[in-house]
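Visitor: Contents of structure37.pdb (PDB, C-alpha atoms):
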```pdb
ATOM      1  CA  MET A 211     -37.515 -35.824 -16.507
ATOM      2  CA  SER A 212     -38.228 -34.721 -12.928
ATOM      3  CA  ILE A 213     -38.468 -31.117 -11.755
ATOM      4  CA  TYR A 214     -37.900 -30.614  -8.013
ATOM      5  CA  PRO A 215     -39.427 -33.448  -7.686
ATOM      6  CA  ARG A 216     -43.197 -32.879  -7.852
ATOM      7  CA  TYR A 217     -43.353 -32.237 -11.613
ATOM      8  CA  ILE A 218     -42.038 -33.787 -14.816
ATOM      9  CA  LEU A 219     -41.792 -32.322 -18.309
ATOM     10  CA  SER A 220     -44.868 -33.330 -20.308
ATOM     11  CA  ASP A 221     -42.898 -33.584 -23.543
ATOM     12  CA  THR A 222     -39.144 -33.943 -23.254
ATOM     13  CA  THR A 223     -38.769 -33.640 -27.034
ATOM     14  CA  GLU A 224     -39.658 -29.940 -26.684
ATOM     15  CA  GLY A 225     -36.681 -29.472 -24.378
ATOM     16  CA  SER A 226     -36.636 -27.559 -21.143
ATOM     17  CA  ASP A 227     -34.984 -24.328 -22.249
ATOM     18  CA  LEU A 228     -37.040 -21.413 -20.930
ATOM     19  CA  THR A 229     -34.911 -18.869 -22.759
ATOM     20  CA  ILE A 230     -36.881 -19.839 -25.883
ATOM     21  CA  ALA A 231     -40.479 -20.099 -24.621
ATOM     22  CA  SER A 232     -42.117 -18.098 -21.834
ATOM     23  CA  SER A 233     -43.717 -21.226 -20.396
ATOM     24  CA  ILE A 234     -43.688 -24.990 -20.781
ATOM     25  CA  ARG A 235     -46.205 -27.715 -19.957
ATOM     26  CA  VAL A 236     -45.430 -29.953 -16.999
ATOM     27  CA  LEU A 237     -47.170 -32.913 -15.361
ATOM     28  CA  ARG A 238     -47.745 -33.151 -11.624
ATOM     29  CA  SER A 239     -46.233 -36.446 -10.536
ATOM     30  CA  SER A 240     -49.001 -37.320  -8.081
ATOM     31  CA  ASP A 241     -51.932 -37.261 -10.518
ATOM     32  CA  ASN A 242     -50.575 -36.556 -14.042
ATOM     33  CA  THR A 243     -52.450 -33.224 -14.213
ATOM     34  CA  LEU A 244     -51.100 -30.762 -16.795
ATOM     35  CA  PHE A 245     -49.917 -27.296 -15.750
ATOM     36  CA  LEU A 246     -47.873 -24.431 -17.200
ATOM     37  CA  ALA A 247     -44.497 -23.526 -15.703
ATOM     38  CA  SER A 248     -42.936 -20.053 -16.004
ATOM     39  CA  ILE A 249     -39.609 -18.780 -14.699
ATOM     40  CA  ILE A 250     -39.563 -16.453 -11.677
ATOM     41  CA  PRO A 251     -36.883 -13.983 -12.761
ATOM     42  CA  ASN A 252     -33.969 -12.799 -10.690
ATOM     43  CA  SER A 253     -33.585  -9.148  -9.777
ATOM     44  CA  GLU A 254     -30.657  -7.797 -11.777
ATOM     45  CA  ASP A 255     -28.359  -4.765 -11.659
ATOM     46  CA  ASP A 256     -26.768  -3.418 -14.823
ATOM     47  CA  ASN A 257     -23.100  -2.793 -14.080
ATOM     48  CA  ASP A 258     -21.480  -1.030 -17.056
ATOM     49  CA  GLY A 259     -23.595  -3.041 -19.448
ATOM     50  CA  ASN A 260     -22.830  -6.333 -17.710
ATOM     51  CA  PRO A 261     -25.950  -7.655 -15.906
ATOM     52  CA  THR A 262     -25.183  -8.956 -12.441
ATOM     53  CA  CYS A 263     -27.574 -11.131 -10.483
ATOM     54  CA  THR A 264     -28.212  -9.553  -7.082
ATOM     55  CA  THR A 265     -31.415 -11.048  -5.672
ATOM     56  CA  LYS A 266     -33.411 -14.237  -6.176
ATOM     57  CA  LEU A 267     -36.997 -13.018  -6.108
ATOM     58  CA  ALA A 268     -38.727 -16.267  -5.141
ATOM     59  CA  PRO A 269     -37.090 -16.780  -1.698
ATOM     60  CA  THR A 270     -37.067 -13.025  -1.084
ATOM     61  CA  ILE A 271     -40.706 -12.202  -1.846
ATOM     62  CA  LEU A 272     -42.644 -15.381  -1.058
ATOM     63  CA  PRO A 273     -42.068 -15.563   2.722
ATOM     64  CA  THR A 274     -43.581 -12.096   3.222
ATOM     65  CA  SER A 275     -45.908 -11.602   0.251
ATOM     66  CA  GLY A 276     -46.993 -15.115  -0.711
ATOM     67  CA  LYS A 277     -50.452 -14.790   0.825
ATOM     68  CA  SER A 278     -51.156 -11.467  -0.881
ATOM     69  CA  LEU A 279     -50.010 -12.838  -4.221
ATOM     70  CA  SER A 280     -52.203 -15.917  -3.856
ATOM     71  CA  LEU A 281     -55.285 -13.773  -3.126
ATOM     72  CA  ILE A 282     -54.757 -11.915  -6.398
ATOM     73  CA  LEU A 283     -53.671 -14.867  -8.521
ATOM     74  CA  ASN A 284     -56.336 -17.305  -7.284
ATOM     75  CA  HIS A 285     -59.339 -15.173  -8.199
ATOM     76  CA  PRO A 286     -61.841 -17.349 -10.162
ATOM     77  CA  ASN A 287     -61.485 -15.193 -13.290
ATOM     78  CA  VAL A 288     -57.674 -15.143 -13.182
ATOM     79  CA  ILE A 289     -55.327 -17.924 -14.296
ATOM     80  CA  SER A 290     -54.650 -19.636 -10.977
ATOM     81  CA  LEU A 291     -51.255 -19.812  -9.346
ATOM     82  CA  ILE A 292     -50.968 -23.476  -8.338
ATOM     83  CA  ASP A 293     -47.503 -23.861  -6.866
ATOM     84  CA  ILE A 294     -44.034 -22.344  -6.497
ATOM     85  CA  ILE A 295     -40.949 -24.530  -6.808
ATOM     86  CA  GLN A 296     -37.587 -23.162  -5.708
ATOM     87  CA  PRO A 297     -34.497 -25.136  -6.748
ATOM     88  CA  SER A 298     -32.487 -22.099  -5.646
ATOM     89  CA  LEU A 299     -33.086 -23.162  -2.034
ATOM     90  CA  LEU A 300     -31.500 -26.569  -2.518
ATOM     91  CA  PRO A 301     -28.035 -27.056  -0.971
ATOM     92  CA  GLY A 302     -25.313 -26.280  -3.462
ATOM     93  CA  SER A 303     -27.665 -24.487  -5.831
ATOM     94  CA  HIS A 304     -25.951 -21.714  -7.775
ATOM     95  CA  THR A 305     -27.257 -19.923 -10.852
ATOM     96  CA  THR A 306     -25.593 -17.060 -12.691
ATOM     97  CA  LEU A 307     -26.913 -15.069 -15.599
ATOM     98  CA  ASN A 308     -24.414 -16.791 -17.870
ATOM     99  CA  ASN A 309     -25.941 -20.200 -17.158
ATOM    100  CA  LYS A 310     -28.717 -21.432 -19.449
ATOM    101  CA  LYS A 311     -31.957 -21.246 -17.472
ATOM    102  CA  THR A 312     -33.900 -24.454 -17.803
ATOM    103  CA  ALA A 313     -36.923 -25.941 -16.110
ATOM    104  CA  LEU A 314     -34.506 -28.115 -14.143
ATOM    105  CA  THR A 315     -32.564 -25.256 -12.520
ATOM    106  CA  ALA A 316     -34.799 -22.156 -12.396
ATOM    107  CA  ASP A 317     -37.283 -21.089  -9.718
ATOM    108  CA  LEU A 318     -40.702 -21.674 -11.296
ATOM    109  CA  ALA A 319     -44.287 -20.528 -10.869
ATOM    110  CA  ILE A 320     -46.794 -23.266 -11.738
ATOM    111  CA  PHE A 321     -50.086 -22.079 -13.248
ATOM    112  CA  GLU A 322     -53.215 -23.913 -14.370
ATOM    113  CA  ASP A 323     -53.113 -25.026 -17.991
ATOM    114  CA  MET A 324     -55.441 -22.971 -20.230
ATOM    115  CA  SER A 325     -55.858 -25.732 -22.797
ATOM    116  CA  ALA A 326     -57.636 -23.806 -25.591
ATOM    117  CA  GLY A 327     -55.093 -20.984 -25.967
ATOM    118  CA  SER A 328     -55.520 -17.218 -25.894
ATOM    119  CA  LEU A 329     -57.906 -14.801 -27.574
ATOM    120  CA  ALA A 330     -55.006 -13.627 -29.740
ATOM    121  CA  TYR A 331     -55.249 -16.920 -31.657
ATOM    122  CA  LEU A 332     -58.831 -16.074 -32.683
ATOM    123  CA  LEU A 333     -58.235 -12.506 -33.863
ATOM    124  CA  PRO A 334     -56.279 -11.058 -36.780
ATOM    125  CA  SER A 335     -52.629 -10.581 -35.885
ATOM    126  CA  ALA A 336     -51.791  -7.133 -34.549
ATOM    127  CA  ASN A 337     -48.969  -7.087 -37.114
ATOM    128  CA  SER A 338     -51.522  -7.270 -39.921
ATOM    129  CA  TYR A 339     -52.902  -3.786 -39.239
ATOM    130  CA  PRO A 340     -51.487  -0.924 -41.304
ATOM    131  CA  ASP A 341     -49.454   1.878 -39.783
ATOM    132  CA  SER A 342     -51.537   4.758 -38.404
ATOM    133  CA  SER A 343     -50.158   7.008 -41.151
ATOM    134  CA  ASP A 344     -51.570   4.737 -43.882
ATOM    135  CA  THR A 345     -54.879   6.554 -44.261
ATOM    136  CA  HIS A 346     -55.909   4.692 -47.428
ATOM    137  CA  SER A 347     -55.630   1.256 -45.822
ATOM    138  CA  TRP A 348     -57.446   2.412 -42.690
ATOM    139  CA  HIS A 349     -60.211   3.912 -44.832
ATOM    140  CA  ILE A 350     -60.786   0.461 -46.329
ATOM    141  CA  LEU A 351     -60.781  -1.222 -42.894
ATOM    142  CA  ALA A 352     -63.094   1.373 -41.310
ATOM    143  CA  THR A 353     -65.634   1.490 -44.130
ATOM    144  CA  PRO A 354     -69.066   0.008 -43.245
ATOM    145  CA  ASN A 355     -68.818  -3.686 -44.080
ATOM    146  CA  PRO A 356     -71.417  -6.304 -43.088
ATOM    147  CA  ALA A 357     -68.946  -9.039 -44.135
ATOM    148  CA  ARG A 358     -66.171  -7.851 -41.802
ATOM    149  CA  PHE A 359     -64.528 -10.303 -39.399
ATOM    150  CA  SER A 360     -66.174 -10.735 -35.995
ATOM    151  CA  LEU A 361     -66.461 -13.288 -33.225
ATOM    152  CA  PRO A 362     -69.831 -14.515 -31.873
ATOM    153  CA  GLU A 363     -71.601 -12.137 -29.507
ATOM    154  CA  SER A 364     -71.816 -14.899 -26.923
ATOM    155  CA  LEU A 365     -68.015 -14.865 -26.664
ATOM    156  CA  CYS A 366     -67.949 -11.078 -26.277
ATOM    157  CA  TRP A 367     -70.200 -11.145 -23.197
ATOM    158  CA  HIS A 368     -67.706 -12.818 -20.849
ATOM    159  CA  HIS A 369     -67.356 -10.726 -17.665
ATOM    160  CA  ASP A 370     -65.970 -10.667 -14.161
ATOM    161  CA  ASP A 371     -68.220 -10.092 -11.151
ATOM    162  CA  ASP A 372     -65.446  -8.907  -8.839
ATOM    163  CA  TRP A 373     -62.594  -6.402  -9.090
ATOM    164  CA  HIS A 374     -59.400  -6.607  -7.084
ATOM    165  CA  PRO A 375     -57.503  -3.408  -6.108
ATOM    166  CA  ILE A 376     -55.017  -4.000  -8.912
ATOM    167  CA  LEU A 377     -54.166  -2.496 -12.288
ATOM    168  CA  VAL A 378     -53.237  -5.252 -14.725
ATOM    169  CA  MET A 379     -51.576  -2.703 -17.082
ATOM    170  CA  ASP A 380     -51.969  -4.958 -20.130
ATOM    171  CA  ILE A 381     -55.488  -6.111 -20.955
ATOM    172  CA  SER A 382     -55.106  -7.343 -24.502
ATOM    173  CA  PRO A 383     -56.046 -10.422 -26.578
ATOM    174  CA  GLY A 384     -52.793 -12.165 -25.700
ATOM    175  CA  GLN A 385     -53.657 -11.995 -21.997
ATOM    176  CA  ILE A 386     -57.162 -13.505 -22.243
ATOM    177  CA  TRP A 387     -57.119 -17.299 -22.131
ATOM    178  CA  PHE A 388     -59.605 -20.142 -22.535
ATOM    179  CA  LYS A 389     -60.039 -23.711 -21.407
ATOM    180  CA  LYS A 390     -61.646 -26.330 -23.616
ATOM    181  CA  PRO A 391     -65.401 -26.781 -23.009
ATOM    182  CA  ARG A 392     -66.561 -29.541 -20.692
ATOM    183  CA  GLY A 393     -69.748 -31.496 -21.256
ATOM    184  CA  GLU A 394     -72.450 -29.387 -22.895
ATOM    185  CA  GLU A 395     -70.771 -26.002 -22.374
ATOM    186  CA  THR A 396     -70.663 -23.753 -25.448
ATOM    187  CA  TYR A 397     -67.303 -22.322 -24.368
ATOM    188  CA  GLY A 398     -64.757 -23.287 -21.770
ATOM    189  CA  GLU A 399     -63.716 -21.056 -18.895
ATOM    190  CA  CYS A 400     -62.228 -17.681 -19.816
ATOM    191  CA  LYS A 401     -59.546 -16.187 -17.569
ATOM    192  CA  LEU A 402     -57.144 -13.279 -17.456
ATOM    193  CA  GLY A 403     -53.383 -13.737 -17.334
ATOM    194  CA  GLY A 404     -50.330 -11.573 -17.811
ATOM    195  CA  PHE A 405     -49.509  -9.860 -14.518
ATOM    196  CA  GLN A 406     -45.900  -8.968 -15.372
ATOM    197  CA  TRP A 407     -46.700  -5.236 -15.223
ATOM    198  CA  ALA A 408     -49.470  -5.250 -12.600
ATOM    199  CA  ARG A 409     -49.644  -2.471 -10.010
ATOM    200  CA  VAL A 410     -51.640  -2.409  -6.766
ATOM    201  CA  VAL A 411     -53.808   0.707  -6.337
ATOM    202  CA  GLY A 412     -54.827   0.108  -2.724
ATOM    203  CA  THR A 413     -58.600   0.599  -3.003
ATOM    204  CA  PHE A 414     -61.362  -1.109  -4.937
ATOM    205  CA  GLY A 415     -62.166   0.921  -8.044
ATOM    206  CA  GLY A 416     -59.095   3.080  -7.407
ATOM    207  CA  GLU A 417     -58.335   5.753  -9.989
ATOM    208  CA  VAL A 418     -54.798   6.657  -8.904
ATOM    209  CA  ALA A 419     -52.251   6.433 -11.718
ATOM    210  CA  MET A 420     -49.428   4.083 -10.760
ATOM    211  CA  ALA A 421     -47.248   3.968 -13.864
ATOM    212  CA  ASN A 422     -46.938   4.891 -17.509
ATOM    213  CA  ARG A 423     -48.700   2.877 -20.173
ATOM    214  CA  VAL A 424     -47.411  -0.475 -21.396
ATOM    215  CA  GLU A 425     -46.147  -0.383 -24.960
ATOM    216  CA  GLY A 426     -48.046  -2.731 -27.245
ATOM    217  CA  ALA A 427     -51.215  -2.924 -25.152
ATOM    218  CA  GLN A 428     -54.694  -1.897 -26.327
ATOM    219  CA  MET A 429     -53.861   1.650 -25.282
ATOM    220  CA  GLU A 430     -55.641   4.959 -25.287
ATOM    221  CA  VAL A 431     -54.378   7.258 -27.983
ATOM    222  CA  TYR A 432     -55.948  10.560 -27.037
ATOM    223  CA  VAL A 433     -54.453  13.624 -25.395
ATOM    224  CA  ASN A 434     -53.863  13.865 -21.654
ATOM    225  CA  THR A 435     -54.196  10.110 -21.047
ATOM    226  CA  SER A 436     -50.586   9.085 -20.390
ATOM    227  CA  PRO A 437     -50.973   7.974 -16.723
ATOM    228  CA  TRP A 438     -52.507   4.529 -16.463
ATOM    229  CA  THR A 439     -55.586   4.398 -14.213
ATOM    230  CA  ARG A 440     -58.616   2.196 -13.693
ATOM    231  CA  SER A 441     -60.370   4.075 -16.517
ATOM    232  CA  SER A 442     -57.437   3.143 -18.778
ATOM    233  CA  GLU A 443     -58.056  -0.511 -17.953
ATOM    234  CA  ILE A 444     -61.717  -0.076 -18.875
ATOM    235  CA  PHE A 445     -60.765   1.538 -22.181
ATOM    236  CA  SER A 446     -58.297  -1.301 -22.850
ATOM    237  CA  LEU A 447     -60.914  -3.974 -22.165
ATOM    238  CA  GLY A 448     -63.418  -2.097 -24.324
ATOM    239  CA  ALA A 449     -60.903  -1.896 -27.173
ATOM    240  CA  THR A 450     -60.329  -5.647 -26.934
ATOM    241  CA  ILE A 451     -64.063  -6.410 -27.119
ATOM    242  CA  TYR A 452     -64.421  -3.890 -29.962
ATOM    243  CA  THR A 453     -61.744  -5.833 -31.859
ATOM    244  CA  MET A 454     -63.687  -9.046 -31.266
ATOM    245  CA  MET A 455     -66.786  -7.365 -32.743
ATOM    246  CA  THR A 456     -65.161  -5.643 -35.739
ATOM    247  CA  GLY A 457     -61.833  -7.339 -36.493
ATOM    248  CA  ILE A 458     -59.965  -4.039 -35.995
ATOM    249  CA  PRO A 459     -58.988  -1.919 -32.983
ATOM    250  CA  PRO A 460     -60.819   1.418 -32.617
ATOM    251  CA  PRO A 461     -59.531   3.311 -35.705
ATOM    252  CA  ARG A 462     -57.471   6.267 -34.510
ATOM    253  CA  LEU A 463     -58.043   8.404 -37.603
ATOM    254  CA  TYR A 464     -61.813   8.589 -37.199
ATOM    255  CA  THR A 465     -64.227  10.333 -34.870
ATOM    256  CA  TYR A 466     -65.701   8.619 -31.851
ATOM    257  CA  ASP A 467     -69.125   8.360 -33.518
ATOM    258  CA  TRP A 468     -67.605   6.721 -36.603
ATOM    259  CA  GLN A 469     -65.619   4.315 -34.448
ATOM    260  CA  ILE A 470     -68.589   3.036 -32.480
ATOM    261  CA  SER A 471     -70.800   2.861 -35.577
ATOM    262  CA  ARG A 472     -68.617  -0.002 -36.865
ATOM    263  CA  MET A 473     -70.148  -2.189 -34.148
ATOM    264  CA  ASN A 474     -73.413  -1.924 -36.138
ATOM    265  CA  ASP A 475     -71.959  -3.770 -39.135
ATOM    266  CA  LYS A 476     -72.529  -7.332 -37.876
ATOM    267  CA  GLY A 477     -75.837  -7.181 -36.027
ATOM    268  CA  PHE A 478     -74.606  -7.130 -32.431
ATOM    269  CA  SER A 479     -77.283  -6.329 -29.855
ATOM    270  CA  LYS A 480     -77.817  -2.758 -28.678
ATOM    271  CA  GLY A 481     -76.965  -3.807 -25.124
ATOM    272  CA  ILE A 482     -73.373  -4.792 -25.834
ATOM    273  CA  ARG A 483     -72.835  -1.958 -28.320
ATOM    274  CA  ASP A 484     -73.888   0.655 -25.756
ATOM    275  CA  ILE A 485     -71.657  -0.810 -23.033
ATOM    276  CA  VAL A 486     -68.564  -0.978 -25.241
ATOM    277  CA  ALA A 487     -69.244   2.513 -26.621
ATOM    278  CA  ASP A 488     -69.204   3.939 -23.080
ATOM    279  CA  MET A 489     -65.987   2.059 -22.259
ATOM    280  CA  LEU A 490     -64.339   3.766 -25.259
ATOM    281  CA  ARG A 491     -65.335   7.329 -24.378
ATOM    282  CA  HIS A 492     -62.455   9.709 -25.154
ATOM    283  CA  ASP A 493     -62.852  11.514 -21.832
ATOM    284  CA  PRO A 494     -61.927   9.082 -19.029
ATOM    285  CA  ARG A 495     -64.398  10.813 -16.698
ATOM    286  CA  GLU A 496     -67.279   9.717 -18.937
ATOM    287  CA  ARG A 497     -66.440   6.004 -18.770
ATOM    288  CA  PRO A 498     -68.177   3.690 -16.284
ATOM    289  CA  ASN A 499     -66.248   2.788 -13.150
ATOM    290  CA  GLY A 500     -65.573  -0.823 -12.239
ATOM    291  CA  VAL A 501     -68.638  -1.326 -10.059
ATOM    292  CA  SER A 502     -71.137   0.221 -12.477
ATOM    293  CA  LEU A 503     -69.579  -1.637 -15.408
ATOM    294  CA  VAL A 504     -69.929  -5.009 -13.684
ATOM    295  CA  ASN A 505     -73.572  -4.261 -12.854
ATOM    296  CA  ARG A 506     -74.359  -3.120 -16.412
ATOM    297  CA  VAL A 507     -72.677  -6.135 -17.986
ATOM    298  CA  ASP A 508     -74.464  -8.526 -15.638
ATOM    299  CA  ALA A 509     -77.865  -6.978 -16.447
ATOM    300  CA  GLY A 510     -77.098  -6.861 -20.184
ATOM    301  CA  TRP A 511     -75.892 -10.469 -20.209
ATOM    302  CA  ARG A 512     -79.067 -11.662 -18.513
ATOM    303  CA  ALA A 513     -81.257  -9.692 -20.932
ATOM    304  CA  TRP A 514     -79.348 -10.976 -23.978
ATOM    305  CA  ARG A 515     -79.693 -14.581 -22.817
ATOM    306  CA  ALA A 516     -83.419 -14.192 -22.178
ATOM    307  CA  GLU A 517     -84.335 -12.219 -25.300
ATOM    308  CA  THR A 518     -82.227 -13.626 -28.141
ATOM    309  CA  ARG A 519     -82.122 -17.014 -29.845
ATOM    310  CA  ASP A 520     -78.329 -17.217 -29.510
ATOM    311  CA  GLY A 521     -78.569 -16.387 -25.821
ATOM    312  CA  GLN A 522     -81.208 -19.019 -25.199
ATOM    313  CA  THR A 523     -79.184 -21.785 -26.881
ATOM    314  CA  LEU A 524     -75.914 -20.956 -25.114
ATOM    315  CA  VAL A 525     -74.868 -23.344 -22.331
ATOM    316  CA  ASP A 526     -72.800 -21.632 -19.637
ATOM    317  CA  LEU A 527     -70.715 -23.161 -16.864
ATOM    318  CA  ASN A 528     -72.868 -21.372 -14.278
ATOM    319  CA  ASP A 529     -76.008 -22.981 -15.728
ATOM    320  CA  ARG A 530     -74.786 -26.403 -14.673
ATOM    321  CA  ILE A 531     -73.661 -25.129 -11.274
ATOM    322  CA  MET A 532     -77.137 -23.642 -10.666
ATOM    323  CA  GLU A 533     -78.832 -26.826 -11.878
ATOM    324  CA  LYS A 534     -76.765 -28.977  -9.525
ATOM    325  CA  GLY A 535     -77.576 -26.608  -6.670
ATOM    326  CA  ALA A 536     -81.306 -26.760  -7.447
ATOM    327  CA  VAL A 537     -81.266 -30.553  -7.675
ATOM    328  CA  GLY A 538     -79.428 -30.782  -4.373
ATOM    329  CA  LYS A 539     -81.950 -28.475  -2.718
ATOM    330  CA  ILE A 540     -84.865 -30.561  -4.026
ATOM    331  CA  GLU A 541     -83.238 -33.762  -2.783
ATOM    332  CA  ARG A 542     -82.719 -32.253   0.670
ATOM    333  CA  LEU A 543     -86.415 -31.315   0.721
ATOM    334  CA  GLY A 544     -87.425 -34.894  -0.096
ATOM    335  CA  GLY A 545     -88.098 -34.495  -3.825
ATOM    336  CA  LEU A 546     -90.945 -32.864  -5.699
TER     337      LEU A 546
END
```
Just give me the structure of the file as structure tokens.
Guide:
Amino acid sequence: MSIYPRYILSDTTEGSDLTIASSIRVLRSSDNTLFLASIIPNSEDDNDGNPTCTTKLAPTILPTSGKSLSLILNHPNVISLIDIIQPSLLPGSHTTLNNKKTALTADLAIFEDMSAGSLAYLLPSANSYPDSSDTHSWHILATPNPARFSLPESLCWHHDDDWHPILVMDISPGQIWFKKPRGEETYGECKLGGFQWARVVGTFGGEVAMANRVEGAQMEVYVNTSPWTRSSEIFSLGATIYTMMTGIPPPRLYTYDWQISRMNDKGFSKGIRDIVADMLRHDPRERPNGVSLVNRVDAGWRAWRAETRDGQTLVDLNDRIMEKGAVGKIERLGGL
């Protein structure tokens, strides 16, 4: 079933109704490559409880902001924006909010297919955690436990070496995605998605609050932290990695020292424990900024790979890139 006309549905038995799923898999007609398609919503006004479509965002925003969007969404550590298809521009096209939106009629953003799913699939469900008022259950979860759930340290070390002037507003397990490994890689590529709530801050490492916190994210829970800033993003990322290391988010009912001591339960290296502990500091002013965090993670990652058995056996995508570069350089020099 063709979609405008460069793409076809990869599985027509799943249907094309995007009111049910947030994205569907499509095939590019020219080479049969798989991608994910997501609806570009319309701007809506609420008129006495009756939503009225006022603006189609794709033809309105793309002519003026397409380049800026592509610079953000085509960063190597971000799920890449591949294409925009706009059936709304076709002659005779007309969509109202009462019409069922399908992949055949809606304006769509086409993203690369992250074939191995999100980090949320690897962690306990957020719905499995007890309410914050259930002190007994949290006492059991936060008790020292060398058998507690955790993911491998090698998976916790993934990092980005560049920061855009943007606040993602929702850095959580459901927004961190993986591709399947290729060749000898231990893990496939890991990328960040979920830019529905993103805000531009205007400067690299900016600390200006742009909006209130996103409900449901890995949020700060301490006093005087309502505005969302770059330090909030760092806390959110730290809380996600902490969950990978302990199977629980930082327990709200316990002191900072007790929280970070749970990272000792499963034998994680001091390097990663110290970095995550600083990301979770209660006072935002005591957390590392983006630049210093990237530098610390890069140095810690290199040390962990050189000094531990797990690090030495891990095969990273960049290892193969460096090997190919070295071989090419040797060949250009006429061999050894």
Visitor: Expressed in Å to a single decimal, how great is the separation between atom CA of Arg216 of chain A and atom CA of Leu299 of chain A?
Guide: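 Atom-to-atom, atom CA of Arg216 of chain A and atom CA of Leu299 of chain A are spaced 15.2 Å apart.
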Visitor: Centre and edge lengths of an axis-aligned box around all listed atoms of segment 492-497 of chain A, with 3 Å added on each side, are to be given in Å to one decimal, as AutoDock Vina command-line options.
Guide:
```
--center_x -64.6 --center_y 8.8 --center_z -20.9 --size_x 11.4 --size_y 11.5 --size_z 14.5
```
Visitor: Write out as a ChimeraX atom specification which residues come within 9 Å of segment 480-485 of chain A when counting all atoms listed in the file, dropping same-chain ones fewer than 2 positions away.
Guide: /A:363,366-367,448,452,470-471,473-474,477-478,487-490,498,503,506-507,510-511,513-514
Visitor: Which residues are close to Ser335 of chain A, i.e. within 10 Å by all atoms listed in the file, leaving aside same-chain residues fewer than 4 positions away? Reply as a count of residues only.
Guide: 6
Visitor: Under the PyMOL selection byres ((chain A and resi 384-397) around 10), which residues of this model are included? Write them out as an mmCIF file with C-alpha atoms, in the coordinates of the input.
Guide:
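The resulting file, part_34.cif, is shown below:
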```cif
data_model
loop_
_atom_site.group_PDB
_atom_site.id
_atom_site.type_symbol
_atom_site.label_atom_id
_atom_site.label_comp_id
_atom_site.auth_asym_id
_atom_site.auth_seq_id
_atom_site.Cartn_x
_atom_site.Cartn_y
_atom_site.Cartn_z
ATOM 1 C CA VAL A 288 -57.674 -15.143 -13.182
ATOM 2 C CA ILE A 289 -55.327 -17.924 -14.296
ATOM 3 C CA GLU A 322 -53.215 -23.913 -14.370
ATOM 4 C CA ASP A 323 -53.113 -25.026 -17.991
ATOM 5 C CA MET A 324 -55.441 -22.971 -20.230
ATOM 6 C CA SER A 325 -55.858 -25.732 -22.797
ATOM 7 C CA ALA A 326 -57.636 -23.806 -25.591
ATOM 8 C CA GLY A 327 -55.093 -20.984 -25.967
ATOM 9 C CA SER A 328 -55.520 -17.218 -25.894
ATOM 10 C CA LEU A 329 -57.906 -14.801 -27.574
ATOM 11 C CA ALA A 330 -55.006 -13.627 -29.740
ATOM 12 C CA TYR A 331 -55.249 -16.920 -31.657
ATOM 13 C CA LEU A 333 -58.235 -12.506 -33.863
ATOM 14 C CA SER A 364 -71.816 -14.899 -26.923
ATOM 15 C CA LEU A 365 -68.015 -14.865 -26.664
ATOM 16 C CA VAL A 378 -53.237 -5.252 -14.725
ATOM 17 C CA ASP A 380 -51.969 -4.958 -20.130
ATOM 18 C CA ILE A 381 -55.488 -6.111 -20.955
ATOM 19 C CA SER A 382 -55.106 -7.343 -24.502
ATOM 20 C CA PRO A 383 -56.046 -10.422 -26.578
ATOM 21 C CA GLY A 398 -64.757 -23.287 -21.770
ATOM 22 C CA GLU A 399 -63.716 -21.056 -18.895
ATOM 23 C CA CYS A 400 -62.228 -17.681 -19.816
ATOM 24 C CA LYS A 401 -59.546 -16.187 -17.569
ATOM 25 C CA LEU A 402 -57.144 -13.279 -17.456
ATOM 26 C CA GLY A 403 -53.383 -13.737 -17.334
ATOM 27 C CA GLY A 404 -50.330 -11.573 -17.811
ATOM 28 C CA PHE A 405 -49.509 -9.860 -14.518
ATOM 29 C CA ALA A 427 -51.215 -2.924 -25.152
ATOM 30 C CA THR A 450 -60.329 -5.647 -26.934
ATOM 31 C CA THR A 523 -79.184 -21.785 -26.881
ATOM 32 C CA LEU A 524 -75.914 -20.956 -25.114
ATOM 33 C CA VAL A 525 -74.868 -23.344 -22.331
ATOM 34 C CA ASP A 526 -72.800 -21.632 -19.637
ATOM 35 C CA LEU A 527 -70.715 -23.161 -16.864
ATOM 36 C CA ASN A 528 -72.868 -21.372 -14.278
ATOM 37 C CA ASP A 529 -76.008 -22.981 -15.728
ATOM 38 C CA ARG A 530 -74.786 -26.403 -14.673
#
```
Visitor: What is the atom CA of Pro437 of chain A-atom CA of Gly500 of chain A distance in Å, reported with one decimal?
Guide: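 Computing the Euclidean distance for atom CA of Pro437 of chain A and atom CA of Gly500 of chain A yields 17.6 Å.
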Visitor: Decode the PyMOL selection byres ((chain A and resi 347-356) around 8) for the given file into explicit residues and return them as a PyMOL selection string.
Guide: chain A and resi 340+342+344-346+357-358+458+461+463+469+472+475-476
Visitor: Mind giving me the straight-line distance from atom CA of Phe245 of chain A to atom CA of Leu219 of chain A in Å, one decimal?
Guide: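 It comes out at 9.9 Å.
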Visitor: Between A:Arg462, A:Arg497, A:Arg512, A:His492, single out the one closest to Ser343 of chain A, counting all atoms listed in the file.
Guide: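 The answer is A:Arg462, which sits nearest to Ser343 of chain A.
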Visitor: Select, from A:Val504, A:Leu246, A:Leu361, A:Thr518, the residue with the minimum atom-to-atom distance to Pro334 of chain A, counting only C-alpha atoms.
Guide: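 Of A:Val504, A:Leu246, A:Leu361, A:Thr518, the one nearest Pro334 of chain A, counting only C-alpha atoms, is A:Leu361.
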